>>> print(open('target-v8.csv').read())   # CSV, C-alpha atoms
chain,number,residue,atom,x,y,z
A,1,MET,CA,24.3,-21.0,55.8
A,2,SER,CA,25.8,-21.4,52.3
A,3,LEU,CA,26.1,-18.4,50.0
A,4,ILE,CA,23.4,-19.9,47.8
A,5,ARG,CA,21.2,-23.0,48.1
A,6,ALA,CA,18.8,-25.0,46.1
A,7,PHE,CA,15.0,-24.5,46.7
A,8,ARG,CA,11.7,-25.8,45.7
A,9,GLY,CA,10.8,-23.5,42.9
A,10,LEU,CA,7.3,-22.4,41.9
A,11,ARG,CA,7.2,-22.7,38.1
A,12,PRO,CA,4.7,-22.8,35.2
A,13,ALA,CA,3.3,-26.3,34.6
A,14,ALA,CA,4.3,-28.0,31.4
A,15,GLY,CA,3.1,-26.0,28.4
A,16,ASN,CA,2.2,-22.9,30.4
A,17,ALA,CA,5.5,-20.9,30.5
A,18,GLY,CA,4.6,-18.8,27.4
A,19,ASP,CA,1.3,-17.8,28.9
A,20,ILE,CA,2.8,-16.9,32.3
A,21,ALA,CA,6.2,-15.3,31.7
A,22,ALA,CA,6.0,-11.5,31.9
A,23,PRO,CA,8.4,-8.5,31.9
A,24,PRO,CA,9.8,-7.4,35.3
A,25,TYR,CA,7.2,-5.5,37.4
A,26,ASP,CA,9.3,-2.3,37.4
A,27,VAL,CA,9.7,-1.8,33.6
A,28,LEU,CA,6.0,-1.3,32.8
A,29,SER,CA,3.6,1.3,33.9
A,30,SER,CA,0.2,0.2,35.2
A,31,ALA,CA,-1.4,1.2,31.9
A,32,GLU,CA,1.2,-0.7,29.9
A,33,ALA,CA,0.8,-3.8,32.1
A,34,ARG,CA,-2.9,-3.7,31.7
A,35,ALA,CA,-2.6,-3.6,27.9
A,36,ARG,CA,0.1,-6.3,27.9
A,37,ALA,CA,-2.1,-8.7,30.0
A,38,ALA,CA,-5.3,-8.1,28.2
A,39,GLY,CA,-6.8,-11.5,27.2
A,40,LYS,CA,-4.1,-13.3,29.1
A,41,PRO,CA,-5.6,-14.6,32.3
A,42,TRP,CA,-2.4,-16.5,33.3
A,43,SER,CA,0.0,-13.6,32.7
A,44,PHE,CA,2.2,-13.2,35.7
A,45,LEU,CA,1.4,-9.5,35.5
A,46,HIS,CA,-1.8,-10.3,37.4
A,47,ILE,CA,0.5,-11.1,40.3
A,48,SER,CA,3.3,-8.6,39.9
A,49,LYS,CA,1.1,-5.7,38.8
A,50,ALA,CA,-2.2,-6.7,40.3
A,51,GLU,CA,-3.6,-3.2,40.1
A,52,ILE,CA,-4.5,-4.1,36.5
A,53,ASP,CA,-7.4,-6.1,37.9
A,54,LEU,CA,-8.8,-3.2,39.9
A,55,PRO,CA,-10.3,0.1,38.8
A,56,ASP,CA,-8.0,2.3,36.6
A,57,ASP,CA,-7.6,4.9,39.3
A,58,THR,CA,-6.4,2.4,42.0
A,59,ASP,CA,-3.3,3.5,43.8
A,60,PRO,CA,-0.7,0.8,42.9
A,61,TYR,CA,0.5,0.8,46.6
A,62,SER,CA,-3.0,0.3,48.0
A,63,PRO,CA,-3.6,-2.7,50.3
A,64,ALA,CA,-6.2,-3.9,47.8
A,65,VAL,CA,-3.4,-4.4,45.2
A,66,TYR,CA,-1.4,-6.7,47.4
A,67,ALA,CA,-4.5,-8.6,48.4
A,68,LYS,CA,-5.5,-9.0,44.8
A,69,ALA,CA,-2.0,-10.3,44.0
A,70,ALA,CA,-2.3,-12.9,46.6
A,71,GLU,CA,-5.8,-13.8,45.3
A,72,ASN,CA,-4.4,-14.2,41.8
A,73,LEU,CA,-1.6,-16.4,42.9
A,74,GLU,CA,-4.0,-18.7,44.7
A,75,ARG,CA,-6.2,-18.7,41.6
A,76,MET,CA,-3.3,-19.8,39.4
A,77,LEU,CA,-2.2,-22.5,41.9
A,78,ALA,CA,-5.7,-23.8,42.1
A,79,ALA,CA,-6.0,-24.0,38.3
A,80,GLY,CA,-2.7,-25.9,38.2
A,81,VAL,CA,-0.9,-23.5,35.8
A,82,LEU,CA,1.7,-23.0,38.5
A,83,ARG,CA,3.3,-25.9,40.4
A,84,ARG,CA,6.0,-26.3,43.0
A,85,ASP,CA,8.8,-28.7,42.6
A,86,ASP,CA,8.8,-31.6,45.1
A,87,ARG,CA,12.4,-31.3,46.0
A,88,PRO,CA,15.1,-28.5,46.2
A,89,CYS,CA,16.5,-27.7,42.8
A,90,TYR,CA,18.8,-25.3,41.0
A,91,TYR,CA,17.7,-23.9,37.7
A,92,ALA,CA,19.9,-22.9,34.7
A,93,TYR,CA,18.6,-19.8,33.1
A,94,ARG,CA,19.8,-18.8,29.6
A,95,LEU,CA,19.0,-15.4,28.0
A,96,THR,CA,19.5,-14.9,24.3
A,97,MET,CA,19.3,-11.4,22.7
A,98,GLY,CA,20.4,-11.5,19.2
A,99,GLU,CA,24.0,-12.7,19.2
A,100,HIS,CA,24.3,-12.2,22.9
A,101,VAL,CA,23.9,-15.2,25.1
A,102,GLN,CA,24.3,-15.5,28.9
A,103,THR,CA,23.7,-18.5,31.1
A,104,GLY,CA,23.4,-18.4,34.8
A,105,ILE,CA,21.7,-20.1,37.7
A,106,VAL,CA,18.5,-19.5,39.7
A,107,ALA,CA,19.1,-20.0,43.4
A,108,ALA,CA,18.1,-18.9,46.9
A,109,ALA,CA,20.8,-16.4,48.0
A,110,SER,CA,21.7,-15.9,51.6
A,111,VAL,CA,20.2,-12.9,53.4
A,112,ALA,CA,22.9,-13.2,56.0
A,113,ASP,CA,25.6,-12.7,53.3
A,114,TYR,CA,23.6,-9.8,52.0
A,115,ASP,CA,23.5,-8.2,55.5
A,116,SER,CA,27.3,-8.8,55.9
A,117,ASN,CA,28.1,-7.3,52.5
A,118,ARG,CA,29.4,-10.5,51.0
A,119,ILE,CA,26.5,-10.0,48.5
A,120,ARG,CA,27.6,-6.4,47.6
A,121,LYS,CA,25.6,-3.4,46.7
A,122,HIS,CA,26.3,-0.4,44.5
A,123,GLU,CA,23.1,1.7,44.8
A,124,PHE,CA,21.2,3.5,47.5
A,125,THR,CA,17.6,2.3,48.0
A,126,ARG,CA,14.4,4.4,48.5
A,127,PRO,CA,12.3,3.5,51.6
A,128,ASP,CA,9.0,3.7,49.7
A,129,LYS,CA,10.2,1.2,47.1
A,130,GLU,CA,11.5,-1.1,49.8
A,131,ASP,CA,8.1,-0.9,51.6
A,132,ASP,CA,6.3,-1.9,48.4
A,133,ARG,CA,8.4,-5.0,48.0
A,134,VAL,CA,8.0,-5.9,51.7
A,135,ARG,CA,4.3,-5.7,51.3
A,136,GLN,CA,4.3,-7.8,48.2
A,137,ILE,CA,6.5,-10.5,49.8
A,138,GLU,CA,4.3,-10.6,52.9
A,139,ALA,CA,1.0,-10.7,50.9
A,140,LEU,CA,2.2,-13.6,48.7
A,141,ASN,CA,4.4,-15.3,51.3
A,142,ALA,CA,6.7,-15.5,48.2
A,143,GLN,CA,9.5,-13.7,46.4
A,144,THR,CA,8.4,-13.4,42.7
A,145,GLY,CA,10.8,-10.8,41.3
A,146,PRO,CA,14.4,-12.3,41.1
A,147,VAL,CA,17.4,-10.2,42.0
A,148,LEU,CA,20.0,-10.1,39.2
A,149,LEU,CA,23.4,-11.0,40.6
A,150,ALA,CA,26.9,-11.4,39.1
A,151,TYR,CA,29.6,-13.8,40.2
A,152,PRO,CA,33.3,-13.2,39.6
A,153,ALA,CA,35.1,-15.4,37.0
A,154,SER,CA,34.9,-19.0,38.0
A,155,ALA,CA,35.7,-21.7,35.5
A,156,THR,CA,34.3,-24.3,37.9
A,157,ALA,CA,31.0,-22.6,38.3
A,158,ASP,CA,30.7,-21.9,34.6
A,159,ALA,CA,31.2,-25.5,33.7
A,160,LEU,CA,28.8,-26.8,36.3
A,161,ILE,CA,26.1,-24.4,35.1
A,162,ASP,CA,26.7,-25.1,31.5
A,163,ALA,CA,26.3,-28.8,32.2
A,164,ILE,CA,22.7,-28.2,33.4
A,165,ALA,CA,21.8,-26.2,30.3
A,166,ARG,CA,21.9,-29.1,27.8
A,167,GLY,CA,19.2,-31.0,26.1
A,168,THR,CA,15.6,-29.9,25.9
A,169,PRO,CA,14.8,-27.0,28.3
A,170,ASP,CA,12.0,-27.3,30.8
A,171,ALA,CA,10.7,-23.9,29.7
A,172,ASP,CA,11.5,-22.1,26.4
A,173,VAL,CA,9.8,-18.7,25.8
A,174,THR,CA,10.5,-16.0,23.3
A,175,ALA,CA,9.0,-12.8,24.6
A,176,ASP,CA,7.4,-10.0,22.6
A,177,ASP,CA,10.7,-8.1,22.5
A,178,GLY,CA,12.5,-11.0,20.9
A,179,ILE,CA,14.4,-12.1,24.0
A,180,ARG,CA,14.6,-15.8,24.5
A,181,HIS,CA,14.3,-17.2,28.0
A,182,GLN,CA,15.2,-20.9,28.7
A,183,ILE,CA,15.1,-22.8,32.0
A,184,TRP,CA,16.6,-26.2,32.8
A,185,VAL,CA,15.9,-28.0,36.1
A,186,LEU,CA,18.6,-29.7,38.2
A,187,ASP,CA,17.5,-31.9,41.0
A,188,ASP,CA,20.5,-34.3,41.3
A,189,ALA,CA,21.8,-34.0,44.9
A,190,ALA,CA,25.5,-34.6,44.1
A,191,ARG,CA,25.5,-31.9,41.3
A,192,ILE,CA,23.6,-29.5,43.6
A,193,ALA,CA,26.2,-30.0,46.3
A,194,ALA,CA,29.0,-29.3,43.8
A,195,ILE,CA,27.4,-26.0,42.7
A,196,THR,CA,26.8,-25.0,46.3
A,197,GLN,CA,30.5,-25.7,47.1
A,198,ALA,CA,31.7,-23.8,44.0
A,199,PHE,CA,29.8,-20.7,45.1
A,200,ASP,CA,30.9,-21.0,48.8
A,201,ALA,CA,34.4,-20.7,47.5
A,202,MET,CA,33.7,-17.2,46.1
A,203,ASN,CA,34.6,-14.1,48.1
A,204,ALA,CA,31.5,-12.2,47.0
A,205,LEU,CA,28.5,-11.8,44.7
A,206,TYR,CA,27.4,-8.5,43.2
A,207,ILE,CA,24.0,-7.0,42.9
A,208,ALA,CA,23.5,-5.9,39.3
A,209,ASP,CA,19.7,-5.1,39.5
A,210,GLY,CA,17.3,-5.6,42.3
A,211,HIS,CA,18.6,-3.5,45.3
A,212,HIS,CA,15.1,-2.9,46.5
A,213,ARG,CA,14.1,-6.6,46.2
A,214,SER,CA,17.1,-7.7,48.2
A,215,ALA,CA,16.7,-5.0,50.8
A,216,ALA,CA,13.1,-6.0,51.2
A,217,ALA,CA,14.0,-9.6,51.6
A,218,SER,CA,16.4,-8.7,54.4
A,219,ARG,CA,13.7,-6.7,56.2
A,220,VAL,CA,11.2,-9.6,55.9
A,221,ALA,CA,13.8,-12.0,57.3
A,222,ALA,CA,14.6,-9.7,60.2
A,223,ALA,CA,10.9,-9.3,61.1
A,224,ARG,CA,10.3,-13.0,61.0
A,225,HIS,CA,13.3,-13.7,63.2
A,226,GLN,CA,12.0,-11.2,65.7
A,227,GLN,CA,8.7,-13.2,65.7
A,228,GLY,CA,10.6,-16.4,66.3
A,229,ARG,CA,9.8,-17.7,62.8
A,230,GLU,CA,12.6,-19.7,61.2
A,231,CYS,CA,11.9,-20.2,57.5
A,232,SER,CA,13.2,-19.8,54.0
A,233,ALA,CA,12.9,-16.0,54.3
A,234,ASP,CA,16.5,-16.3,55.3
A,235,SER,CA,17.3,-16.4,51.5
A,236,PHE,CA,16.1,-14.5,48.5
A,237,LEU,CA,15.3,-15.3,44.9
A,238,ALA,CA,18.2,-14.6,42.6
A,239,VAL,CA,19.5,-15.3,39.1
A,240,ILE,CA,23.3,-15.3,39.1
A,241,PHE,CA,25.4,-14.9,35.9
A,242,PRO,CA,29.1,-14.8,35.4
A,243,HIS,CA,30.2,-11.2,35.3
A,244,HIS,CA,32.0,-11.5,32.0
A,245,GLN,CA,28.8,-12.6,30.2
A,246,MET,CA,26.6,-9.7,31.4
A,247,LYS,CA,25.7,-6.8,29.1
A,248,ILE,CA,25.5,-3.2,30.4
A,249,LEU,CA,24.2,-0.6,27.9
A,250,ASP,CA,24.7,3.1,28.1
A,251,TYR,CA,22.4,5.1,30.3
A,252,ASN,CA,22.1,8.5,28.7
A,253,ARG,CA,21.0,12.0,30.0
A,254,VAL,CA,18.7,14.6,28.6
A,255,VAL,CA,18.3,18.1,30.2
A,256,LYS,CA,15.4,20.5,29.8
A,257,ASP,CA,17.3,23.8,29.5
A,258,LEU,CA,20.8,25.3,29.3
A,259,ASN,CA,20.7,27.0,32.7
A,260,GLY,CA,20.4,30.4,31.1
A,261,LEU,CA,23.3,29.9,28.7
A,262,GLU,CA,23.2,30.5,25.0
A,263,VAL,CA,24.6,27.7,22.8
A,264,PRO,CA,27.8,29.5,21.9
A,265,ALA,CA,28.5,30.3,25.6
A,266,LEU,CA,28.0,26.7,26.6
A,267,LEU,CA,30.3,25.4,23.9
A,268,ALA,CA,32.9,27.9,24.9
A,269,ARG,CA,32.7,27.0,28.6
A,270,LEU,CA,33.0,23.3,27.8
A,271,ALA,CA,36.5,23.8,26.6
A,272,SER,CA,37.8,24.1,30.2
A,273,ALA,CA,37.2,20.4,30.8
A,274,PHE,CA,36.7,18.8,27.4
A,275,LYS,CA,38.1,18.7,23.9
A,276,VAL,CA,35.0,19.6,21.8
A,277,GLU,CA,34.7,18.5,18.2
A,278,ASP,CA,31.8,18.9,15.8
A,279,SER,CA,30.5,15.7,14.3
A,280,ALA,CA,28.7,15.2,11.0
A,281,GLY,CA,26.7,12.3,12.5
A,282,ARG,CA,25.6,10.7,15.7
A,283,VAL,CA,28.2,10.2,18.4
A,284,HIS,CA,28.1,6.9,20.1
A,285,PRO,CA,31.1,7.0,22.5
A,286,SER,CA,33.7,4.4,21.6
A,287,ARG,CA,35.7,4.5,24.9
A,288,PRO,CA,35.5,5.7,28.5
A,289,GLY,CA,36.0,9.5,28.8
A,290,GLU,CA,34.2,10.2,25.5
A,291,PHE,CA,30.7,11.7,25.3
A,292,GLY,CA,28.2,12.5,22.6
A,293,MET,CA,26.3,15.8,22.9
A,294,TYR,CA,23.2,16.6,20.8
A,295,LEU,CA,22.5,20.3,20.9
A,296,ALA,CA,20.6,22.7,18.6
A,297,GLY,CA,20.2,20.0,15.9
A,298,GLY,CA,23.8,18.9,15.8
A,299,TRP,CA,26.2,16.4,17.4
A,300,HIS,CA,29.4,17.1,19.1
A,301,LYS,CA,32.1,14.7,20.5
A,302,LEU,CA,33.3,15.7,24.0
A,303,THR,CA,36.5,14.1,25.3
A,304,ILE,CA,37.3,14.7,29.0
A,305,LYS,CA,40.9,16.0,29.6
A,306,PRO,CA,42.9,13.1,30.9
A,307,GLU,CA,44.2,15.0,33.9
A,308,LEU,CA,40.7,15.4,35.2
A,309,ILE,CA,40.1,11.6,35.5
A,310,PRO,CA,40.8,10.6,39.2
A,311,ALA,CA,41.8,7.2,40.5
A,312,ASP,CA,38.7,7.0,42.7
A,313,PRO,CA,36.4,4.1,41.5
A,314,VAL,CA,33.3,6.3,41.8
A,315,ALA,CA,34.6,9.7,40.6
A,316,SER,CA,36.3,8.1,37.6
A,317,LEU,CA,33.0,6.7,36.2
A,318,ASP,CA,31.8,8.4,33.1
A,319,VAL,CA,28.5,9.3,34.7
A,320,SER,CA,30.5,11.0,37.5
A,321,LEU,CA,32.8,12.9,35.1
A,322,LEU,CA,29.8,14.2,33.2
A,323,SER,CA,28.1,15.3,36.4
A,324,ASN,CA,31.1,16.8,38.0
A,325,HIS,CA,32.5,18.7,35.0
A,326,LEU,CA,29.4,19.6,33.0
A,327,LEU,CA,25.9,18.9,34.5
A,328,ALA,CA,26.6,20.5,37.9
A,329,PRO,CA,29.0,23.4,37.1
A,330,LEU,CA,27.5,24.5,33.8
A,331,LEU,CA,23.9,23.3,33.8
A,332,GLY,CA,23.3,23.6,37.5
A,333,ILE,CA,22.2,20.0,38.1
A,334,ALA,CA,23.7,19.0,41.4
A,335,ASP,CA,21.2,16.4,42.5
A,336,LEU,CA,20.4,13.7,39.9
A,337,ARG,CA,17.9,12.1,42.2
A,338,ARG,CA,15.7,15.1,42.7
A,339,ASP,CA,16.3,17.6,40.0
A,340,LYS,CA,13.3,17.6,37.6
A,341,ARG,CA,15.3,19.2,34.8
A,342,VAL,CA,17.2,16.0,34.0
A,343,ASP,CA,15.9,12.7,32.7
A,344,PHE,CA,17.5,9.4,31.8
A,345,VAL,CA,17.2,7.3,28.6
A,346,GLY,CA,18.3,3.7,28.6
A,347,GLY,CA,20.6,2.7,25.8
A,348,ILE,CA,18.2,0.1,24.5
A,349,ARG,CA,16.3,3.1,23.0
A,350,GLY,CA,19.2,4.2,20.8
A,351,LEU,CA,20.6,7.7,20.0
A,352,ALA,CA,17.5,8.4,17.9
A,353,GLU,CA,15.5,8.7,21.1
A,354,LEU,CA,17.9,11.4,22.3
A,355,GLU,CA,17.4,13.4,19.1
A,356,LYS,CA,13.7,13.0,19.4
A,357,ARG,CA,13.6,14.4,22.9
A,358,VAL,CA,15.6,17.4,21.9
A,359,ASP,CA,14.1,18.1,18.5
A,360,SER,CA,10.6,18.0,20.0
A,361,GLY,CA,11.5,20.9,22.3
A,362,GLU,CA,10.9,18.9,25.4
A,363,MET,CA,14.6,18.9,26.1
A,364,ALA,CA,17.4,21.3,25.2
A,365,VAL,CA,20.4,19.0,25.2
A,366,ALA,CA,21.2,15.3,25.3
A,367,PHE,CA,24.3,13.4,26.3
A,368,ALA,CA,25.3,9.9,25.1
A,369,LEU,CA,27.6,8.1,27.5
A,370,HIS,CA,29.9,5.1,27.2
A,371,ALA,CA,28.5,2.1,29.1
A,372,THR,CA,29.7,1.4,32.6
A,373,ARG,CA,31.7,-1.8,32.7
A,374,MET,CA,31.1,-4.7,35.1
A,375,ASP,CA,34.6,-4.4,36.5
A,376,GLN,CA,33.9,-0.8,37.4
A,377,LEU,CA,30.6,-1.9,39.1
A,378,MET,CA,32.5,-4.5,41.1
A,379,ALA,CA,35.3,-2.1,42.1
A,380,VAL,CA,32.7,0.4,43.4
A,381,ALA,CA,30.9,-2.3,45.4
A,382,ASP,CA,34.3,-3.7,46.7
A,383,SER,CA,35.2,-0.2,48.0
A,384,ASN,CA,31.8,-0.1,49.9
A,385,ASN,CA,30.7,2.9,47.8
A,386,VAL,CA,27.7,3.6,45.6
A,387,MET,CA,27.3,4.7,42.1
A,388,PRO,CA,25.5,7.9,41.0
A,389,PRO,CA,21.8,7.3,40.0
A,390,LYS,CA,21.1,5.7,36.7
A,391,SER,CA,24.6,4.4,36.1
A,392,THR,CA,23.8,1.0,34.6
A,393,TRP,CA,21.2,-0.4,32.2
A,394,PHE,CA,21.3,-4.2,32.0
A,395,GLU,CA,20.0,-6.0,29.0
A,396,PRO,CA,18.5,-8.4,28.4
A,397,LYS,CA,16.0,-8.3,31.3
A,398,LEU,CA,14.9,-11.3,33.3
A,399,ALA,CA,11.3,-12.5,33.1
A,400,ASP,CA,9.0,-12.7,36.0
A,401,GLY,CA,7.0,-15.9,36.6
A,402,LEU,CA,9.4,-18.5,35.3
A,403,VAL,CA,10.7,-19.4,38.8
A,404,SER,CA,9.4,-18.0,42.1
A,405,HIS,CA,10.4,-18.7,45.7
A,406,ILE,CA,7.7,-19.7,48.3
A,407,LEU,CA,8.6,-18.9,51.9
A,408,ASP,CA,7.9,-22.0,54.0
>>> encode(input="target-v8.csv", output="structure tokens")
Amino acid sequence: MSLIRAFRGLRPAAGNAGDIAAPPYDVLSSAEARARAAGKPWSFLHISKAEIDLPDDTDPYSPAVYAKAAENLERMLAAGVLRRDDRPCYYAYRLTMGEHVQTGIVAAASVADYDSNRIRKHEFTRPDKEDDRVRQIEALNAQTGPVLLAYPASATADALIDAIARGTPDADVTADDGIRHQIWVLDDAARIAAITQAFDAMNALYIADGHHRSAAASRVAAARHQQGRECSADSFLAVIFPHHQMKILDYNRVVKDLNGLEVPALLARLASAFKVEDSAGRVHPSRPGEFGMYLAGGWHKLTIKPELIPADPVASLDVSLLSNHLLAPLLGIADLRRDKRVDFVGGIRGLAELEKRVDSGEMAVAFALHATRMDQLMAVADSNNVMPPKSTWFEPKLADGLVSHILD
């Protein structure tokens, strides 16, 4: 099987994309989704967060939620607001966030290449979140949440995708957050073949976001093979962008207490691993190895000592340097996955959010980090390792509902 293939996408019928497109299922709480979908019967949230159509106290992992999602999908198909393309297609997908523009392709990516690590991972997954996505796929017989992938630099692929994204788009939606989502359909067999060939020439693709969705797709495919069912479950819904166009924001940390230390003692102990400088204003790190720390109403710039930066692709990440030389030894936070004293703030919220969390008394200290780079993510994946939790925050986010993948 090819690394990617064209497929018969399930899309909003003409004129319905604005009513259907919705934020990704995993960025909204049930309450937020319920408010967002109020008065919008065709919002894709009725499929991706179907608990909003059940009593408020419904467990979002209840069997009733998956059944309601399937019911809502059938309702939207029957009403004709969603339609499936007659022939396999690729779809150009352009995201615009202010001055930032990235253009990629919606495709069905190979589960076999995911299983063999040609589609490479950089995060661990949690079984409960995998189980949720497996149940959703099986209930809908469809993959509705795309996996965000990156492909390494390819002038050929770039040109082929850019050639699709010309003229009037088939869908053009500006979401509530100001992000513009545009879709163009390609159904020309010769151009489809050229794109497939260009991707087959690549050594690897890289998961940016969607580790649980891709793992769930692999499990569904394996289960169906055991049942003797050959079908399009052998691939999973993906949107693939050139790595150099993708935007990773900082993913910052806030900590509830100082692990028994007084402020002067913490500042003194930091000097063993960092150069510590007071700052008159907010510190947004300008380079790797530099950190902002908001503590007791003031900002400090911390710069890791160069001799403490190892060559290892994981240990050299800023998120690792902060953990290994500050969070663990000084603040006693050794397990970022389980320790309830630490929380994470996506860079889209800005440094003011860090100040707010500390000034309110909810947290004692905040740390601003330099964003992880795509080449670092790819190096970790190539080394068959994983990043620490909450290492990357990708923006802009994909929309759910613009293209889905039915499993034949």
>>> closest_residue(input="target-v8.csv", among="A:Arg84, A:Arg8, A:His284, A:Arg337", to="Leu302 in chain A", atoms="only C-alpha atoms")
A:His284
>>> atom_distance(input="target-v8.csv", atom1="CA of Ala33 in chain A", atom2="CA of Gly80 in chain A")
23.2 Å
>>> closest_residue(input="target-v8.csv", among="A:Ala78, A:Arg5, A:Ile406, A:Ala208", to="Ile192 in chain A", atoms="only C-alpha atoms")
A:Arg5
>>> closest_residue(input="target-v8.csv", among="A:Thr372, A:Thr103, A:Thr125, A:Ser404", to="Gly210 in chain A", atoms="all atoms listed in the file")
A:Thr125
>>> atom_distance(input="target-v8.csv", atom1="CA of Ala334 in chain A", atom2="CA of Val254 in chain A")
14.4 Å
>>> closest_residue(input="target-v8.csv", among="A:Phe291, A:Phe124, A:Phe274, A:Tyr66", to="His325 in chain A", atoms="only C-alpha atoms")
A:Phe274
>>> closest_atom_pairs(input="target-v8.csv", of="range 241-278 of chain A", to="range 341-349 of chain A", cutoff="9 Å", atoms="all atoms listed in the file", output="Markdown table")
| residue | atom | partner | partner_atom | distance |
| --- | --- | --- | --- | --- |
| A:Ile248 | CA | A:Gly347 | CA | 8.9 |
| A:Leu249 | CA | A:Gly347 | CA | 5.3 |
| A:Asp250 | CA | A:Gly347 | CA | 4.7 |
| A:Tyr251 | CA | A:Gly346 | CA | 4.7 |
| A:Asn252 | CA | A:Val345 | CA | 5.0 |
| A:Arg253 | CA | A:Phe344 | CA | 4.7 |
| A:Val254 | CA | A:Asp343 | CA | 5.3 |
| A:Val255 | CA | A:Val342 | CA | 4.5 |
| A:Lys256 | CA | A:Arg341 | CA | 5.2 |
| A:Asp257 | CA | A:Arg341 | CA | 7.3 |
>>> write_last_selection(input="target-v8.csv", atoms="C-alpha atoms", output="compact mmCIF listing (two decimals), in the frame of the given file")
# COMPACT_ATOMS: atom_id res chain seq x y z
CA ILE A 248 25.50 -3.20 30.40
CA LEU A 249 24.20 -0.60 27.90
CA ASP A 250 24.70 3.10 28.10
CA TYR A 251 22.40 5.10 30.30
CA ASN A 252 22.10 8.50 28.70
CA ARG A 253 21.00 12.00 30.00
CA VAL A 254 18.70 14.60 28.60
CA VAL A 255 18.30 18.10 30.20
CA LYS A 256 15.40 20.50 29.80
CA ASP A 257 17.30 23.80 29.50
>>> closest_residue(input="target-v8.csv", among="A:Ala221, A:Ala150, A:Ala171, A:Ile309", to="Leu377 in chain A", atoms="all atoms listed in the file")
A:Ala150
>>> atom_distance(input="target-v8.csv", atom1="CA of Leu28 in chain A", atom2="CA of Ala50 in chain A")
12.4 Å
>>> closest_residue(input="target-v8.csv", among="A:Leu140, A:Ile304, A:Val380, A:Leu148", to="Pro24 in chain A", atoms="only C-alpha atoms")
A:Leu148
>>> residues_near_point(input="target-v8.csv", point="(13.3, -9.9, 53.2)", cutoff="8 Å", atoms="only C-alpha atoms", output="count of residues only")
17
>>> residues_around(input="target-v8.csv", residues="Pro329 in chain A", least_positions_apart="4", cutoff="12 Å", atoms="only C-alpha atoms", output="list in words")
Leu258, Asn259, Leu266, Arg269, Leu270, Ser272, Ala273, Leu321, Leu322, Ser323, Asn324, His325, Ile333, Ala334 and Asp335 of chain A
>>> residues_around(input="target-v8.csv", residues="Arg118 in chain A", least_positions_apart="2", cutoff="8 Å", atoms="only C-alpha atoms", output="list of chain:residue names")
A:Asp113, A:Tyr114, A:Asp115, A:Ser116, A:Arg120, A:Asn203, A:Ala204, A:Leu205
>>> residues_around(input="target-v8.csv", residues="Leu237 in chain A", least_positions_apart="6", cutoff="7 Å", atoms="all atoms listed in the file", output="list in words")
Ala107, Ala108, Ala109, Gln143, Pro146, Val147 and His405 of chain A
>>> closest_atom_pairs(input="target-v8.csv", of="range 98-145 of chain A", to="range 383-399 of chain A", cutoff="12 Å", atoms="all atoms listed in the file", output="CSV")
residue,atom,partner,partner_atom,distance
A:Gly98,CA,A:Pro396,CA,9.9
A:Glu99,CA,A:Pro396,CA,11.5
A:His100,CA,A:Pro396,CA,8.9
A:Val101,CA,A:Pro396,CA,9.3
A:Gln102,CA,A:Pro396,CA,9.2
A:Thr103,CA,A:Leu398,CA,11.6
A:Gly104,CA,A:Leu398,CA,11.2
A:Ile105,CA,A:Leu398,CA,12.0
A:Val106,CA,A:Leu398,CA,11.0
A:Ser116,CA,A:Asn384,CA,11.5
A:Asn117,CA,A:Asn384,CA,8.5
A:Arg118,CA,A:Asn384,CA,10.7
A:Ile119,CA,A:Asn384,CA,11.3
A:Arg120,CA,A:Asn384,CA,7.9
A:Lys121,CA,A:Val386,CA,7.4
A:His122,CA,A:Val386,CA,4.4
A:Glu123,CA,A:Val386,CA,5.0
A:Phe124,CA,A:Val386,CA,6.8
A:Thr125,CA,A:Pro389,CA,10.3
A:Arg126,CA,A:Pro389,CA,11.6
A:Thr144,CA,A:Ala399,CA,10.1
A:Gly145,CA,A:Ala399,CA,8.4
>>> build_atoms(input="target-v8.csv", residues="range 316-323 of chain A", atoms="N, CA and C atoms", output="short mmCIF file (atom, residue, chain, number, x, y, z; two decimals), keeping the file's coordinate frame")
data_model
loop_
_atom_site.label_atom_id
_atom_site.label_comp_id
_atom_site.auth_asym_id
_atom_site.auth_seq_id
_atom_site.Cartn_x
_atom_site.Cartn_y
_atom_site.Cartn_z
N SER A 316 35.76 8.33 38.93
CA SER A 316 36.30 8.10 37.60
C SER A 316 35.27 7.52 36.62
N LEU A 317 34.09 7.19 37.10
CA LEU A 317 33.00 6.70 36.20
C LEU A 317 32.61 7.81 35.24
N ASP A 318 32.25 7.45 34.02
CA ASP A 318 31.80 8.40 33.10
C ASP A 318 30.61 9.23 33.54
N VAL A 319 29.68 8.54 34.22
CA VAL A 319 28.50 9.30 34.70
C VAL A 319 28.93 10.31 35.75
N SER A 320 29.99 10.05 36.52
CA SER A 320 30.50 11.00 37.50
C SER A 320 31.22 12.16 36.79
N LEU A 321 32.04 11.83 35.81
CA LEU A 321 32.80 12.90 35.10
C LEU A 321 31.84 13.84 34.41
N LEU A 322 30.77 13.33 33.79
CA LEU A 322 29.80 14.20 33.20
C LEU A 322 29.12 15.11 34.19
N SER A 323 28.74 14.53 35.32
CA SER A 323 28.10 15.30 36.40
C SER A 323 29.00 16.36 36.96
#
